[in-house]
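A.B. asks: See final37.cif below, with mmCIF, C-alpha atoms and all ligand atoms.
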```cif
data_my_file
loop_
_atom_site.label_atom_id
_atom_site.label_comp_id
_atom_site.auth_asym_id
_atom_site.auth_seq_id
_atom_site.Cartn_x
_atom_site.Cartn_y
_atom_site.Cartn_z
CA MET A 1 69.33 89.38 122.49
CA THR A 2 71.04 85.99 122.53
CA GLU A 3 73.47 84.54 125.05
CA HIS A 4 76.33 82.33 123.83
CA ASN A 5 78.88 80.15 125.55
CA ASP A 6 80.93 79.17 122.53
CA ILE A 7 83.22 82.07 121.67
CA SER A 8 85.25 80.57 118.84
CA SER A 9 85.26 82.03 115.31
CA LEU A 10 83.21 85.12 116.05
CA LYS A 11 82.86 88.41 114.25
CA THR A 12 82.69 91.58 116.34
CA VAL A 13 80.23 93.13 113.91
CA GLU A 14 78.37 91.46 111.07
CA TRP A 15 75.55 91.98 108.56
CA LYS A 16 72.96 89.19 108.80
CA ASP A 17 69.47 89.08 107.22
CA ASN A 18 69.36 92.86 106.79
CA LYS A 19 70.30 93.42 110.42
CA VAL A 20 73.52 94.45 112.13
CA VAL A 21 74.69 91.91 114.69
CA MET A 22 77.39 92.83 117.21
CA ILE A 23 79.03 91.49 120.33
CA ASP A 24 77.97 93.70 123.25
CA GLN A 25 81.46 94.58 124.51
CA THR A 26 80.11 96.32 127.61
CA LYS A 27 79.19 92.86 128.95
CA LEU A 28 82.63 91.29 128.43
CA PRO A 29 84.39 89.40 129.93
CA ASN A 30 81.52 88.11 132.05
CA GLN A 31 78.95 87.48 129.34
CA LEU A 32 79.25 86.97 125.59
CA ILE A 33 76.06 88.48 124.27
CA PHE A 34 75.11 89.39 120.71
CA VAL A 35 72.77 92.29 119.99
CA GLU A 36 70.82 92.80 116.75
CA TYR A 37 69.82 96.14 115.27
CA ASP A 38 67.53 97.06 112.39
CA ASP A 39 67.56 100.84 112.97
CA PHE A 40 70.59 103.07 112.31
CA ASN A 41 69.78 105.04 115.51
CA GLN A 42 70.43 101.87 117.51
CA VAL A 43 73.82 101.52 115.80
CA ALA A 44 74.61 105.15 116.67
CA ASP A 45 73.72 104.43 120.32
CA ALA A 46 75.86 101.29 120.26
CA ILE A 47 78.90 103.30 119.08
CA ARG A 48 78.24 106.07 121.62
CA THR A 49 77.88 103.67 124.56
CA LEU A 50 80.83 101.44 123.57
CA VAL A 51 78.76 98.34 122.79
CA VAL A 52 81.11 98.42 119.80
CA ARG A 53 84.43 100.27 120.01
CA GLY A 54 87.88 100.28 118.43
CA ALA A 55 88.60 102.36 115.33
CA PRO A 56 88.17 99.78 112.53
CA ALA A 57 85.11 98.23 114.22
CA ILE A 58 83.34 101.58 114.47
CA GLY A 59 84.29 102.35 110.85
CA VAL A 60 82.51 99.21 109.67
CA SER A 61 79.64 99.74 112.15
CA GLY A 62 79.11 103.24 110.76
CA ALA A 63 78.98 101.78 107.24
CA PHE A 64 76.47 99.13 108.34
CA GLY A 65 74.46 101.83 110.15
CA LEU A 66 74.21 103.82 106.96
CA ALA A 67 73.19 100.69 105.04
CA LEU A 68 70.36 100.22 107.58
CA ALA A 69 69.37 103.87 107.07
CA ALA A 70 69.10 103.18 103.31
CA LEU A 71 66.83 100.21 103.95
CA GLN A 72 64.75 102.30 106.39
CA SER A 73 64.32 105.20 103.95
CA LYS A 74 60.85 105.68 102.45
CA GLY A 75 62.33 107.93 99.73
CA THR A 76 60.93 107.23 96.28
CA THR A 77 63.58 109.17 94.34
CA LYS A 78 67.37 109.12 94.44
CA ASP A 79 67.42 112.66 95.89
CA GLU A 80 65.04 111.74 98.73
CA LEU A 81 67.08 108.68 99.62
CA ILE A 82 70.38 110.61 99.54
CA SER A 83 68.85 113.29 101.76
CA ASP A 84 67.79 110.62 104.32
CA LEU A 85 71.31 109.17 104.18
CA GLU A 86 72.91 112.59 104.78
CA LYS A 87 70.83 113.00 107.96
CA ALA A 88 71.69 109.51 109.20
CA LYS A 89 75.35 110.06 108.37
CA GLN A 90 75.43 113.16 110.57
CA ILE A 91 73.89 111.28 113.53
CA LEU A 92 76.36 108.42 113.15
CA PHE A 93 79.30 110.79 112.63
CA GLU A 94 78.61 112.71 115.85
CA THR A 95 78.81 109.61 118.06
CA ARG A 96 82.60 109.68 118.60
CA PRO A 97 85.05 112.30 117.34
CA THR A 98 88.58 110.86 117.48
CA ALA A 99 88.78 107.68 115.37
CA VAL A 100 88.92 108.75 111.72
CA ASN A 101 87.72 105.33 110.53
CA LEU A 102 84.14 106.34 111.32
CA ALA A 103 84.21 109.29 108.90
CA TRP A 104 86.06 107.09 106.39
CA GLY A 105 83.39 104.35 106.54
CA LEU A 106 80.52 106.83 106.27
CA GLU A 107 82.12 108.68 103.36
CA LYS A 108 82.71 105.44 101.45
CA ILE A 109 79.06 104.47 101.75
CA MET A 110 77.86 107.96 100.77
CA ASN A 111 80.01 107.84 97.62
CA THR A 112 78.62 104.41 96.76
CA ALA A 113 75.07 105.68 97.30
CA LYS A 114 75.66 108.63 94.99
CA SER A 115 76.86 106.30 92.23
CA GLY A 116 73.47 104.53 92.08
CA ASP A 117 70.41 105.56 90.06
CA SER A 118 67.20 104.30 91.65
CA PRO A 119 66.48 103.94 95.40
CA GLN A 120 66.31 100.16 94.97
CA GLN A 121 69.68 100.03 93.23
CA ILE A 122 71.25 102.33 95.85
CA LYS A 123 69.98 100.11 98.67
CA GLU A 124 71.54 97.05 97.06
CA LEU A 125 74.81 98.86 96.35
CA VAL A 126 75.31 100.24 99.86
CA VAL A 127 74.53 96.92 101.58
CA SER A 128 76.97 95.14 99.33
CA GLU A 129 79.68 97.82 99.81
CA ALA A 130 79.33 97.72 103.61
CA LYS A 131 79.61 93.92 103.60
CA LYS A 132 82.69 94.18 101.38
CA MET A 133 84.28 96.65 103.81
CA ALA A 134 83.75 94.18 106.65
CA ASP A 135 85.33 91.32 104.67
CA GLU A 136 88.24 93.51 103.61
CA ASP A 137 88.90 94.54 107.20
CA ILE A 138 89.80 90.94 108.07
CA GLU A 139 92.05 90.55 105.02
CA ILE A 140 93.79 93.86 105.73
CA ASN A 141 94.45 92.85 109.34
CA LYS A 142 95.97 89.56 108.23
CA THR A 143 98.27 91.29 105.75
CA MET A 144 99.22 93.89 108.36
CA GLY A 145 99.91 91.06 110.80
CA LYS A 146 102.33 89.39 108.36
CA ASN A 147 104.06 92.70 107.60
CA GLY A 148 104.53 93.38 111.31
CA SER A 149 105.52 89.89 112.37
CA ILE A 150 109.05 90.27 110.96
CA LEU A 151 109.74 92.96 113.57
CA PHE A 152 109.27 90.49 116.42
CA ASP A 153 111.59 87.72 117.57
CA ASP A 154 111.29 84.32 119.14
CA ASN A 155 110.83 84.63 122.92
CA ASP A 156 109.88 88.31 122.82
CA THR A 157 107.54 89.61 125.49
CA ILE A 158 105.33 92.22 123.84
CA MET A 159 103.45 94.90 125.73
CA THR A 160 100.16 96.23 124.37
CA HIS A 161 97.80 98.92 125.64
CA CYS A 162 94.00 99.10 125.38
CA ASN A 163 92.41 96.62 122.95
CA ALA A 164 93.49 96.62 119.33
CA GLY A 165 92.40 93.04 118.85
CA ALA A 166 89.68 91.05 117.12
CA LEU A 167 87.19 92.95 119.29
CA ALA A 168 88.36 96.32 117.94
CA THR A 169 88.00 95.20 114.32
CA VAL A 170 85.70 92.82 112.45
CA ALA A 171 88.10 90.00 113.38
CA TYR A 172 91.84 89.22 113.92
CA GLY A 173 92.87 92.70 115.12
CA THR A 174 95.55 95.25 114.29
CA ALA A 175 98.17 95.30 117.09
CA LEU A 176 96.95 91.91 118.34
CA GLY A 177 96.79 90.80 114.70
CA VAL A 178 100.54 91.43 114.51
CA ILE A 179 101.02 89.39 117.69
CA ARG A 180 98.80 86.61 116.29
CA ALA A 181 100.74 86.56 113.00
CA THR A 182 104.05 86.46 114.89
CA LYS A 183 102.86 83.39 116.79
CA GLU A 184 101.46 81.84 113.59
CA SER A 185 104.92 82.28 112.00
CA GLY A 186 106.26 79.86 114.62
CA LYS A 187 107.76 82.33 117.09
CA ASN A 188 107.04 81.88 120.75
CA VAL A 189 105.87 85.20 122.20
CA LYS A 190 104.38 86.32 125.47
CA VAL A 191 102.15 89.33 125.99
CA ILE A 192 101.80 91.90 128.74
CA ALA A 193 98.44 93.69 128.62
CA THR A 194 97.87 96.91 130.51
CA GLU A 195 94.59 97.16 132.38
CA THR A 196 93.74 100.46 130.58
CA ARG A 197 91.77 102.47 133.10
CA PRO A 198 89.26 103.97 133.23
CA ILE A 199 87.11 101.51 131.31
CA GLN A 200 89.54 98.65 131.22
CA GLN A 201 89.64 97.59 127.58
CA GLY A 202 92.95 95.88 128.44
CA SER A 203 91.66 93.66 131.23
CA ARG A 204 88.09 93.21 129.99
CA LEU A 205 88.87 92.69 126.29
CA THR A 206 92.58 92.14 125.48
CA ALA A 207 93.22 89.75 128.36
CA PHE A 208 89.93 88.01 127.53
CA GLU A 209 90.58 87.49 123.83
CA LEU A 210 94.26 86.54 124.19
CA LYS A 211 93.58 84.08 127.01
CA HIS A 212 90.75 82.56 125.00
CA ASP A 213 93.08 82.15 122.03
CA GLY A 214 95.73 80.39 124.10
CA PHE A 215 98.32 83.17 124.45
CA ASP A 216 100.63 83.48 127.43
CA VAL A 217 99.27 86.82 128.64
CA SER A 218 99.91 88.68 131.89
CA LEU A 219 97.79 91.59 133.03
CA ILE A 220 99.39 94.60 134.71
CA PRO A 221 97.94 97.76 136.22
CA ASP A 222 98.72 100.80 134.06
CA THR A 223 100.96 102.03 136.85
CA ALA A 224 103.29 99.01 136.38
CA VAL A 225 104.42 99.96 132.86
CA GLY A 226 107.61 101.60 134.17
CA TYR A 227 108.34 98.73 136.57
CA SER A 228 107.91 96.14 133.79
CA MET A 229 110.23 97.99 131.43
CA ALA A 230 112.85 98.86 134.06
CA ASN A 231 112.98 95.23 135.18
CA GLY A 232 113.45 93.74 131.71
CA LEU A 233 110.01 92.16 131.51
CA VAL A 234 109.26 93.68 128.07
CA ASN A 235 111.20 93.60 124.76
CA LYS A 236 108.81 95.43 122.45
CA VAL A 237 105.53 97.33 122.43
CA VAL A 238 102.77 97.31 119.82
CA VAL A 239 99.56 99.32 120.02
CA GLY A 240 96.75 100.30 117.65
CA ALA A 241 95.63 103.78 116.62
CA ASP A 242 92.45 105.79 116.26
CA ARG A 243 93.98 108.37 113.94
CA ILE A 244 97.42 108.95 112.49
CA VAL A 245 98.13 112.24 110.76
CA LYS A 246 100.58 112.64 107.87
CA THR A 247 103.37 113.84 110.18
CA GLY A 248 103.24 110.53 112.09
CA HIS A 249 101.53 111.86 115.22
CA VAL A 250 99.47 108.97 116.59
CA PHE A 251 96.19 109.34 118.47
CA ASN A 252 95.32 106.30 120.54
CA LYS A 253 93.83 105.30 123.88
CA ILE A 254 94.69 107.53 126.82
CA GLY A 255 97.95 106.32 128.36
CA THR A 256 99.59 105.38 125.06
CA TYR A 257 101.83 108.46 125.29
CA GLN A 258 103.03 107.39 128.73
CA VAL A 259 103.81 103.88 127.48
CA ALA A 260 105.71 105.29 124.46
CA THR A 261 107.69 107.73 126.62
CA MET A 262 108.63 105.00 129.04
CA ALA A 263 109.63 102.70 126.14
CA LYS A 264 111.94 105.42 124.79
CA GLN A 265 113.47 105.86 128.25
CA HIS A 266 114.32 102.15 128.30
CA GLY A 267 115.34 101.75 124.63
CA ILE A 268 112.39 99.46 123.89
CA PRO A 269 110.99 99.58 120.31
CA PHE A 270 107.49 101.05 120.22
CA TYR A 271 105.36 100.10 117.18
CA VAL A 272 101.93 101.21 116.04
CA ALA A 273 99.77 98.94 113.85
CA ALA A 274 96.91 100.47 111.87
CA PRO A 275 95.26 100.17 108.46
CA LEU A 276 95.46 102.99 105.90
CA SER A 277 91.84 103.84 106.80
CA THR A 278 93.19 105.12 110.15
CA ILE A 279 95.56 107.56 108.44
CA ASP A 280 94.11 111.04 108.03
CA MET A 281 96.12 112.89 105.39
CA LYS A 282 93.98 116.04 105.72
CA SER A 283 94.03 117.04 109.41
CA LYS A 284 96.89 118.54 111.37
CA ALA A 285 97.74 117.07 114.77
CA GLU A 286 96.47 120.19 116.55
CA ASP A 287 93.06 119.94 114.84
CA VAL A 288 92.24 116.43 116.05
CA ILE A 289 89.46 116.38 118.62
CA ILE A 290 90.19 114.33 121.72
CA GLU A 291 86.97 112.84 123.06
CA MET A 292 86.29 113.82 126.68
CA ARG A 293 84.18 111.24 128.50
CA LYS A 294 82.01 111.38 131.58
CA GLY A 295 83.55 111.67 135.04
CA SER A 296 81.71 108.64 136.42
CA GLU A 297 84.11 106.41 134.43
CA VAL A 298 86.88 107.69 136.73
CA THR A 299 85.01 108.08 140.03
CA GLY A 300 84.05 104.42 140.07
CA ILE A 301 84.91 100.99 138.79
CA GLY A 302 81.79 99.36 137.42
CA ASP A 303 79.06 100.19 139.94
CA LYS A 304 81.49 100.69 142.83
CA LYS A 305 82.24 104.29 143.77
CA THR A 306 85.98 104.90 144.33
CA ALA A 307 86.16 108.71 144.69
CA PRO A 308 84.52 111.36 146.83
CA ASP A 309 81.24 112.95 145.74
CA ASP A 310 81.41 116.08 143.59
CA ILE A 311 85.08 115.72 142.70
CA ASN A 312 86.22 117.41 139.49
CA VAL A 313 87.34 114.90 136.88
CA ILE A 314 89.37 115.23 133.68
CA ASN A 315 88.70 112.17 131.52
CA PRO A 316 90.24 112.35 128.03
CA ALA A 317 89.68 109.11 126.10
CA PHE A 318 92.75 109.48 123.86
CA ASP A 319 96.18 111.09 123.77
CA MET A 320 98.76 111.93 121.13
CA THR A 321 102.12 110.19 120.78
CA PRO A 322 104.66 112.25 118.80
CA PRO A 323 106.55 110.61 115.92
CA GLU A 324 109.95 110.73 117.66
CA LEU A 325 108.75 108.08 120.11
CA ILE A 326 107.58 105.68 117.38
CA SER A 327 109.91 103.02 115.90
CA GLY A 328 107.59 102.07 113.03
CA ILE A 329 104.00 102.24 111.79
CA ILE A 330 102.82 98.84 110.58
CA THR A 331 100.16 98.90 107.82
CA GLU A 332 98.76 96.54 105.19
CA LYS A 333 101.04 98.31 102.67
CA GLY A 334 104.23 97.84 104.65
CA VAL A 335 106.01 99.33 107.65
CA ALA A 336 106.52 103.11 107.59
CA GLN A 337 109.69 104.30 109.28
CA PRO A 338 110.93 107.78 110.18
CA PRO A 339 110.85 110.32 108.66
CA TYR A 340 107.09 109.67 108.62
CA GLU A 341 106.04 112.57 106.45
CA GLU A 342 107.84 110.80 103.56
CA SER A 343 107.15 107.18 104.43
CA ILE A 344 103.44 107.70 105.12
CA ALA A 345 102.95 109.57 101.82
CA LYS A 346 104.63 106.63 100.03
CA LEU A 347 102.04 104.22 101.45
CA PHE A 348 99.37 106.06 99.45
CA GLU A 349 101.28 106.27 96.18
CA SER A 350 99.57 104.68 93.17
CA GLY A 351 100.25 100.98 92.94
CA ASN A 352 100.50 100.99 96.69
CA SER A 353 96.99 101.93 97.76
O1 LIG B 401 87.64 103.99 123.31
P1 LIG B 401 87.97 102.82 122.46
O2 LIG B 401 87.87 101.51 123.17
O3 LIG B 401 87.17 102.82 121.16
O4 LIG B 401 89.48 103.02 122.06
C1 LIG B 401 90.11 102.06 121.26
C2 LIG B 401 91.55 102.31 121.04
O5 LIG B 401 92.11 103.30 121.48
C3 LIG B 401 92.29 101.33 120.19
O6 LIG B 401 93.61 101.20 120.58
C4 LIG B 401 92.24 101.82 118.73
O7 LIG B 401 90.92 102.09 118.33
C5 LIG B 401 92.85 100.88 117.79
S1 LIG B 401 91.80 99.50 117.54
C6 LIG B 401 92.40 98.49 116.37
#
```
Will you turn the file into structure tokens for me?
Ligand code: MRU
C.D. replies:
Amino acid sequence: MTEHNDISSLKTVEWKDNKVVMIDQTKLPNQLIFVEYDDFNQVADAIRTLVVRGAPAIGVSGAFGLALAALQSKGTTKDELISDLEKAKQILFETRPTAVNLAWGLEKIMNTAKSGDSPQQIKELVVSEAKKMADEDIEINKTMGKNGSILFDDNDTIMTHCNAGALATVAYGTALGVIRATKESGKNVKVIATETRPIQQGSRLTAFELKHDGFDVSLIPDTAVGYSMANGLVNKVVVGADRIVKTGHVFNKIGTYQVATMAKQHGIPFYVAAPLSTIDMKSKAEDVIIEMRKGSEVTGIGDKKTAPDDINVINPAFDMTPPELISGIITEKGVAQPPYEESIAKLFESGNS
């Protein structure tokens, strides 16, 4: 474990010397600490305990985890190695159920593994594919950022919820990538970040990374979304996504639905930014599993208890925003607009995937 003070030009998750290196996001914003793993079980724990979080970041972490599993395998034939990888894949897959990027990352690595012949060749192929996925994540975010930036104007104040920033991806971010690209295009924008209870990705991560990068960012409690919109403090909203189904239903951090509903009430455009790897063309909205997390995240803040003992808690980590509340879905292939069933399918058409 290493402690760093310099936080410029960092990657949230990286492959280095046959190890996976990540920022421990549970320690932010107070400490910037990197952790190193050489066992896929450690990567699974890191995803489960939110050392790494955010859909694209856990997609790449899953891929790196599986690459570690390949290096760990003692299999001497292709079949033995693939069997070890299937077991590791299952452990990694079961860590978090909602973000589809995890399954996407694991599937990509499994397909690569199956294309190899010898265990040695498979090991080389999967490490190189996982590293490629990490590099591509940054490029995709930058393209998505440019595509989205045209939707934002000079002097806009943009609200965002949770953290869909550099810390939720390998670098640059999805929703915050759009905000970064808007600023890079010469427009002056301000940001309002919601705190995002219960585990405060907004205050701990979004406020941290935007402030560090020199943005004009104001933090609000989640309960001030309506106030901010009713009092003209916000022009537009952009958030990330954990899963988007082909009908345009968006699954994202709990509270997103409230923000979108409030934006509709006030005629404020509500955008979602996500890569194609977040779009699940197979599942129906009603089949998506919403992760339920432990009650202690709600009965306390950090170590401080803020609720009575033995209180019942309902703690869903995500909610679903229906397509009628969404003004556009920003991707690396362009901006999908309603009706989403048509525009999302077009994003995947040949020549555009
Ligand atoms: O529970 P988390 O922190 O993994 O949830 C993250 C989110 O909901 C993000 O908004 C989403 O993954 C998009 S990240 C680019």
A.B. asks: Output as CSV one row per residue of chain A within 7 Å of ligand LIG 401 (chain B): the closest atom pair and its distance in Å to one decimal place, counting all atoms listed in the file, sorted by chain and residue number ascending.
C.D. replies:
```
residue,atom,partner,partner_atom,distance
A:Leu50,CA,B:LIG401,O3,6.9
A:Arg53,CA,B:LIG401,O3,3.9
A:Gly54,CA,B:LIG401,O7,3.5
A:Ala55,CA,B:LIG401,O7,3.8
A:Pro56,CA,B:LIG401,C6,5.9
A:Ala99,CA,B:LIG401,O7,6.7
A:His161,CA,B:LIG401,O6,7.0
A:Cys162,CA,B:LIG401,O6,5.3
A:Asn163,CA,B:LIG401,O6,5.3
A:Ala164,CA,B:LIG401,C6,3.7
A:Gly165,CA,B:LIG401,C6,6.0
A:Ala168,CA,B:LIG401,S1,4.7
A:Thr169,CA,B:LIG401,C6,5.9
A:Gly173,CA,B:LIG401,C6,5.9
A:Thr174,CA,B:LIG401,C6,5.0
A:Ala175,CA,B:LIG401,C6,6.6
A:Gln201,CA,B:LIG401,O2,6.2
A:Val239,CA,B:LIG401,O6,6.3
A:Gly240,CA,B:LIG401,C5,3.9
A:Ala241,CA,B:LIG401,C5,4.2
A:Asp242,CA,B:LIG401,O7,4.5
A:Asn252,CA,B:LIG401,O5,4.5
A:Lys253,CA,B:LIG401,O5,3.6
A:Ala274,CA,B:LIG401,C6,6.7
A:Ala317,CA,B:LIG401,O1,6.2
A:Phe318,CA,B:LIG401,O5,6.7
```
A.B. asks: Keeping only C-alpha atoms, write the selected residues to a file as a compact mmCIF listing (two decimals), in the coordinates of the input.
C.D. replies:
```txt
# COMPACT_ATOMS: atom_id res chain seq x y z
CA LEU A 50 80.83 101.44 123.57
CA ARG A 53 84.43 100.27 120.01
CA GLY A 54 87.88 100.28 118.43
CA ALA A 55 88.60 102.36 115.33
CA PRO A 56 88.17 99.78 112.53
CA ALA A 99 88.78 107.68 115.37
CA HIS A 161 97.80 98.92 125.64
CA CYS A 162 94.00 99.10 125.38
CA ASN A 163 92.41 96.62 122.95
CA ALA A 164 93.49 96.62 119.33
CA GLY A 165 92.40 93.04 118.85
CA ALA A 168 88.36 96.32 117.94
CA THR A 169 88.00 95.20 114.32
CA GLY A 173 92.87 92.70 115.12
CA THR A 174 95.55 95.25 114.29
CA ALA A 175 98.17 95.30 117.09
CA GLN A 201 89.64 97.59 127.58
CA VAL A 239 99.56 99.32 120.02
CA GLY A 240 96.75 100.30 117.65
CA ALA A 241 95.63 103.78 116.62
CA ASP A 242 92.45 105.79 116.26
CA ASN A 252 95.32 106.30 120.54
CA LYS A 253 93.83 105.30 123.88
CA ALA A 274 96.91 100.47 111.87
CA ALA A 317 89.68 109.11 126.10
CA PHE A 318 92.75 109.48 123.86
```
A.B. asks: For atom CA of Ile138 of chain A and atom CA of Glu14 of chain A, determine how far apart the two atoms are, in Å to one decimal place.
C.D. replies: 11.8 Å
A.B. asks: Counting all atoms listed in the file, figure out which residue out of A:Leu10, A:Val60, A:Arg96, A:Thr143 gets nearest to Lys108 of chain A.
C.D. replies: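 Of the candidates, the smallest distance to Lys108 of chain A is held by A:Val60.
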A.B. asks: Compile the contact shell of Asp117 of chain A as a PyMOL selection string: residues with an atom at most 10 Å away, counting only C-alpha atoms, same-chain residues fewer than 3 positions apart removed.
C.D. replies: chain A and resi 77-79+113-114+120-122
A.B. asks: Near Leu347 of chain A, within 12 Å and counting all atoms listed in the file, which residues show up once chain neighbours fewer than 5 positions away are dropped, as a list of chain:residue names?
C.D. replies: A:Lys246, A:Pro275, A:Leu276, A:Ser277, A:Ile279, A:Met281, A:Ile329, A:Ile330, A:Thr331, A:Glu332, A:Lys333, A:Gly334, A:Val335, A:Ala336, A:Gln337, A:Tyr340, A:Glu341, A:Glu342, A:Asn352, A:Ser353
A.B. asks: State, in Å with one decimal place, the distance from atom CA of Asn155 of chain A to atom CA of Arg180 of chain A.
C.D. replies: 13.9 Å
A.B. asks: For each of A:Lys236, A:Leu92, A:Gly226, A:Ala171, take the minimum atom-to-atom distance to Val189 of chain A, counting all atoms listed in the file, then give the residue where this is smallest.
C.D. replies: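 Nearest to Val189 of chain A: A:Lys236.
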A.B. asks: Please report the interatomic distance between atom CA of Thr223 of chain A and atom CA of Glu291 of chain A in Å with one decimal.
C.D. replies: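 Atom CA of Glu291 of chain A lies 22.4 Å from atom CA of Thr223 of chain A.
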A.B. asks: When you look at Val100 of chain A with a cut-off of 7 Å (counting only C-alpha atoms), what residues show up, excluding the ones that are within fewer than 5 positions of it in the same chain? I need them as number ranges by chain.
C.D. replies: A: 242-243, 278, 280
A.B. asks: Save the residues we just selected, C-alpha atoms, as an mmCIF file, keeping the file's coordinate frame?
C.D. replies:
```cif
data_model
loop_
_atom_site.group_PDB
_atom_site.id
_atom_site.type_symbol
_atom_site.label_atom_id
_atom_site.label_comp_id
_atom_site.auth_asym_id
_atom_site.auth_seq_id
_atom_site.Cartn_x
_atom_site.Cartn_y
_atom_site.Cartn_z
ATOM 1 C CA ASP A 242 92.450 105.790 116.260
ATOM 2 C CA ARG A 243 93.980 108.370 113.940
ATOM 3 C CA THR A 278 93.190 105.120 110.150
ATOM 4 C CA ASP A 280 94.110 111.040 108.030
#
```
A.B. asks: How big is the axis-aligned box around all listed atoms of segment 65-74 of chain A once 4 Å goes on each side, and where's its centre, in Å to one decimal, as lines of an AutoDock Vina configuration file?
C.D. replies:
```
center_x = 67.7
center_y = 102.9
center_z = 106.3
size_x = 21.6
size_y = 13.5
size_z = 15.7
```
A.B. asks: Fewer than 5 positions away in the same chain doesn't count, so skip those; otherwise give me all residues within 10 Å of Gln265 of chain A, counting all atoms listed in the file, as a PyMOL selection string.
C.D. replies: chain A and resi 226+229-230+259-260+325
A.B. asks: Do you know which residues are at most 7 Å from segment 66-72 of chain A counting all atoms listed in the file, after dropping those on the same chain fewer than 4 positions away, and could you put them as a VMD selection string?
C.D. replies: chain A and resid 38 to 40 62 81 85 88 to 89 123 126 to 127 130
A.B. asks: For the residues in that selection, give me C-alpha atoms as a PDB file, keeping the file's coordinate frame.
C.D. replies:
```pdb
ATOM      1  CA  ASP A  38      67.530  97.060 112.390  1.00  0.00           C
ATOM      2  CA  ASP A  39      67.560 100.840 112.970  1.00  0.00           C
ATOM      3  CA  PHE A  40      70.590 103.070 112.310  1.00  0.00           C
ATOM      4  CA  GLY A  62      79.110 103.240 110.760  1.00  0.00           C
ATOM      5  CA  LEU A  81      67.080 108.680  99.620  1.00  0.00           C
ATOM      6  CA  LEU A  85      71.310 109.170 104.180  1.00  0.00           C
ATOM      7  CA  ALA A  88      71.690 109.510 109.200  1.00  0.00           C
ATOM      8  CA  LYS A  89      75.350 110.060 108.370  1.00  0.00           C
ATOM      9  CA  LYS A 123      69.980 100.110  98.670  1.00  0.00           C
ATOM     10  CA  VAL A 126      75.310 100.240  99.860  1.00  0.00           C
ATOM     11  CA  VAL A 127      74.530  96.920 101.580  1.00  0.00           C
ATOM     12  CA  ALA A 130      79.330  97.720 103.610  1.00  0.00           C
TER      13      ALA A 130
END
```
